[in-house]
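Step one of this worksheet: look at the structure below.
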Amino acid sequence: MAHPSLFIDALQYNNWSEEIFKQINQGGLSAVHVTICYHEDFQEMVQNVIDWNRRFEDYSNLIFLGRTAADVRKAQKEGRTAIFFGYQNCSPIEDNIGLVEVCHQLGARFMQLTYNNQSLLGTGCYEENDPGITRMGKQVIKEMNRVGLVVDMSHSSERSTLEAIEISERPIAITHANPTFWHPALRNKSNEVLKALGESNSMLGFSVYPHHLKDGSDCTLESFCNMIADTAEIMGMNNIGIGTDLCQNQPDSVVEWMRNGTWTNDRDFGEGSASFAGFPDQPEWFRDNRDFVNISNGLKSIGFSENDVELVMGKNWLNFFDASFESL
């Protein structure tokens, strides 16, 4: 049975199970961008692809691998969900630009240039100094543009993000973050970045991860939707969508893996703290994928037109997929 509305989520990292795939289906999502890598090298990332291939086999009535925007339309028509692969770091390409194309061939459609730290390509949002995009970064962006792998700057610092927008010949994405004018988290984005995204037809996906929300787990749906309206004033209505950063059913050891990876012997608390090291509670209006419709209803209740709600909830991402996933 076809999904009545077009819902797309531009970032999730759940403890995947049949229960979650059923919730995604009940929530009416036609596409989800899933993280298949944080700190993994190429070989370790390939194992994650193998794991996903098993899921596509076991739950083919609910999910399949998405490679193009046409797959989103197919998923909506069939009442299934197209799963798009993405990396939250550039570690799978190691120091080999030839692996960019191979990663795309394996299904990757998004790659963050950095995850909080300096990488071979650019600077993460937790570094004190931000020298911008590196020599290798410039070459990799060019190659990502060629093959159809989206440059994602969600965990990157200010200068590197602005330079990536400038260098990239195709629009980039910040798949999961919010504006700093609403909540000044290190991972959220300045008005200057928002303007540059809008001017370049790049995308911002709004996050419901509590560390990115004003008032954290107590953030109200109304506050979240008003923030979307305020951001639309800066970026335009065609460059915004949802990227929830949902991390459902994950043990706290996973958030520790995200933050610490293989790069430190000290314990890094990232957006948390020693007294609050684990996953924060989701706001009550967004517990899991079945609550996607709440955002849609919230936007309507603050005065968004039916058409604008459709743009934010899925159509803008679909247009971006159309422009971004095929090789030049």
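Chain labels follow the order of the structure tokens: the first chain is A, the next B, and so on; residue numbering restarts at 1 in every chain, and ligands are counted from 1 in their shown order.
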* Residue list (strand (DSSP E), DSSP) for stretch 133-271 of chain A, as a ChimeraX atom specification -> /A:150-152,173-174,203-206,240-242
* Find the spatial neighbours of A:Asn294, counting only C-alpha atoms, within a cut-off of 12 Å - ignore same-chain residues fewer than 2 positions away - and output them as an MDAnalysis selection string. => chainID A and resid 7 27 220:222 224:225 283:292 296:301 309 313
Please produce an output containing N, CA and C atoms for each residue in the selection, written as a tab-separated table (two decimals), in the first residue's frame.
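Output file again_34.tsv follows:
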chain	number	residue	atom	x	y	z
A	7	PHE	N	7.58	11.22	3.14
A	7	PHE	CA	8.41	11.52	4.30
A	7	PHE	C	9.82	10.98	4.05
A	27	GLY	N	5.39	4.69	10.24
A	27	GLY	CA	5.57	6.15	10.20
A	27	GLY	C	5.44	6.72	8.80
A	220	THR	N	9.92	21.82	23.19
A	220	THR	CA	8.54	21.62	22.73
A	220	THR	C	8.48	21.54	21.21
A	221	LEU	N	7.46	20.87	20.72
A	221	LEU	CA	7.24	20.77	19.27
A	221	LEU	C	7.04	22.16	18.67
A	222	GLU	N	6.34	23.02	19.38
A	222	GLU	CA	6.08	24.38	18.89
A	222	GLU	C	7.39	25.16	18.72
A	224	PHE	N	10.38	23.90	18.23
A	224	PHE	CA	11.09	23.26	17.11
A	224	PHE	C	10.54	23.77	15.77
A	225	CYS	N	9.21	23.81	15.66
A	225	CYS	CA	8.59	24.22	14.39
A	225	CYS	C	8.78	25.71	14.12
A	283	PRO	N	12.68	13.93	23.01
A	283	PRO	CA	11.51	14.71	23.40
A	283	PRO	C	10.24	13.88	23.24
A	284	GLU	N	9.21	14.15	24.05
A	284	GLU	CA	8.04	13.26	24.07
A	284	GLU	C	7.30	13.24	22.72
A	285	TRP	N	7.46	14.27	21.91
A	285	TRP	CA	6.75	14.31	20.61
A	285	TRP	C	7.53	13.61	19.49
A	286	PHE	N	8.75	13.11	19.80
A	286	PHE	CA	9.48	12.32	18.80
A	286	PHE	C	10.27	11.21	19.48
A	287	ARG	N	9.59	10.10	19.74
A	287	ARG	CA	10.22	8.92	20.37
A	287	ARG	C	10.79	7.96	19.33
A	288	ASP	N	10.07	7.80	18.22
A	288	ASP	CA	10.53	6.87	17.18
A	288	ASP	C	9.89	7.29	15.85
A	289	ASN	N	10.09	6.48	14.82
A	289	ASN	CA	9.65	6.85	13.47
A	289	ASN	C	8.15	7.04	13.32
A	290	ARG	N	7.37	6.44	14.20
A	290	ARG	CA	5.92	6.60	14.12
A	290	ARG	C	5.49	8.03	14.46
A	291	ASP	N	6.42	8.81	15.02
A	291	ASP	CA	6.12	10.19	15.41
A	291	ASP	C	6.48	11.21	14.33
A	292	PHE	N	6.91	10.73	13.18
A	292	PHE	CA	7.29	11.66	12.10
A	292	PHE	C	6.15	12.61	11.76
A	296	SER	N	5.06	17.12	10.96
A	296	SER	CA	4.17	17.60	9.90
A	296	SER	C	2.98	18.38	10.48
A	297	ASN	N	2.34	17.80	11.49
A	297	ASN	CA	1.19	18.45	12.13
A	297	ASN	C	1.61	19.72	12.86
A	298	GLY	N	2.81	19.68	13.48
A	298	GLY	CA	3.32	20.86	14.19
A	298	GLY	C	3.55	22.03	13.25
A	299	LEU	N	4.07	21.74	12.05
A	299	LEU	CA	4.31	22.80	11.07
A	299	LEU	C	2.98	23.40	10.60
A	300	LYS	N	1.98	22.54	10.41
A	300	LYS	CA	0.66	23.04	10.01
A	300	LYS	C	0.08	23.93	11.11
A	301	SER	N	0.29	23.52	12.35
A	301	SER	CA	-0.33	24.26	13.46
A	301	SER	C	0.29	25.65	13.67
A	309	VAL	N	4.68	22.34	3.98
A	309	VAL	CA	4.88	21.18	4.84
A	309	VAL	C	5.43	20.01	4.01
A	313	MET	N	8.98	18.08	4.74
A	313	MET	CA	8.89	16.68	5.20
A	313	MET	C	9.48	15.68	4.20
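When only C-alpha atoms are used to measure the gap to A:Tyr59, the shortest distance among A:Lys74, A:Glu233, A:Ile83, A:Asp95 belongs to A:Ile83.
Taking atom CA of A:Phe325 and atom CA of A:Gly148 as the two end points, the separation is 4.4 Å.
If you look at atom CA of A:Arg267 and atom CA of A:Cys125, they are 17.7 Å away from each other.
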* Compare A:Ser253, A:Glu199, A:Gly241, A:Gln248 by their minimum atom-to-atom distance to A:Ile8, counting only C-alpha atoms, and give me the closest one. => A:Gly241
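Atom CA of A:Glu18 to atom CA of A:Asp245 spans 19.3 Å [interatomic distance, one decimal].
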* For A:Asn15, please output as number ranges by chain all residues within 12 Å (counting only C-alpha atoms; exclusion window: fewer than 6 positions along the same chain). => A: 21, 34-36, 246-255
* Structure fact -> One residue among A:Leu149, A:Ile295, A:Cys219, A:Ala2 is nearest to A:Gly314 when using only C-alpha atoms, and that residue is A:Ile295
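When only C-alpha atoms are used to measure the gap to A:Phe304, the shortest distance among A:Asn226, A:Asn96, A:Asn319, A:Ser217 belongs to A:Asn226.
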* **All residues 12 Å or closer to stretch 164-170 of chain A, only C-alpha atoms, same chain fewer than 5 positions away omitted, as a PyMOL selection string** => chain A and resi 112-114+121-123+132-135+137-154+156-159+192-203+320-328
Write the residues of the preceding selection, restricted to C-alpha atoms, as a compact mmCIF listing (two decimals), in the first residue's frame.
# COMPACT_ATOMS: atom_id res chain seq x y z
CA GLN A 112 30.99 13.64 6.04
CA LEU A 113 34.43 15.09 5.48
CA THR A 114 35.01 15.12 9.25
CA LEU A 121 40.07 16.35 4.37
CA GLY A 122 39.01 19.12 6.73
CA THR A 123 38.39 20.32 10.27
CA GLY A 132 39.80 24.81 6.45
CA ILE A 133 39.72 22.23 3.68
CA THR A 134 43.04 20.43 3.09
CA ARG A 135 44.83 19.78 -0.20
CA GLY A 137 40.03 17.57 0.76
CA LYS A 138 39.86 19.72 -2.37
CA GLN A 139 40.66 16.73 -4.56
CA VAL A 140 38.21 14.44 -2.76
CA ILE A 141 35.37 17.00 -3.04
CA LYS A 142 36.03 17.17 -6.79
CA GLU A 143 35.90 13.37 -7.03
CA MET A 144 32.77 13.17 -4.83
CA ASN A 145 31.11 15.69 -7.16
CA ARG A 146 32.06 13.57 -10.18
CA VAL A 147 30.67 10.26 -8.91
CA GLY A 148 27.59 11.56 -7.08
CA LEU A 149 28.64 11.25 -3.42
CA VAL A 150 27.21 14.12 -1.36
CA VAL A 151 29.59 16.28 0.69
CA ASP A 152 28.12 16.29 4.23
CA MET A 153 29.48 18.87 6.72
CA SER A 154 27.27 18.02 9.72
CA SER A 156 32.53 20.11 10.60
CA SER A 157 33.78 23.50 11.76
CA GLU A 158 32.80 26.91 10.41
CA ARG A 159 35.60 27.76 7.98
CA GLU A 192 26.56 32.71 7.92
CA VAL A 193 26.58 28.96 7.17
CA LEU A 194 22.78 28.93 6.79
CA LYS A 195 22.92 31.80 4.28
CA ALA A 196 25.71 30.09 2.30
CA LEU A 197 23.72 26.85 2.23
CA GLY A 198 20.63 28.65 0.93
CA GLU A 199 22.55 30.59 -1.73
CA SER A 200 24.17 27.40 -3.06
CA ASN A 201 20.91 25.35 -3.09
CA SER A 202 22.43 23.13 -0.41
CA MET A 203 20.33 21.39 2.25
CA PHE A 320 18.18 17.15 -3.78
CA PHE A 321 18.54 13.37 -4.34
CA ASP A 322 17.53 13.91 -7.97
CA ALA A 323 20.33 16.46 -8.40
CA SER A 324 22.99 14.71 -6.33
CA PHE A 325 23.25 10.92 -6.62
CA GLU A 326 24.05 10.33 -10.29
CA SER A 327 27.53 10.85 -11.73
CA LEU A 328 28.19 14.03 -13.71
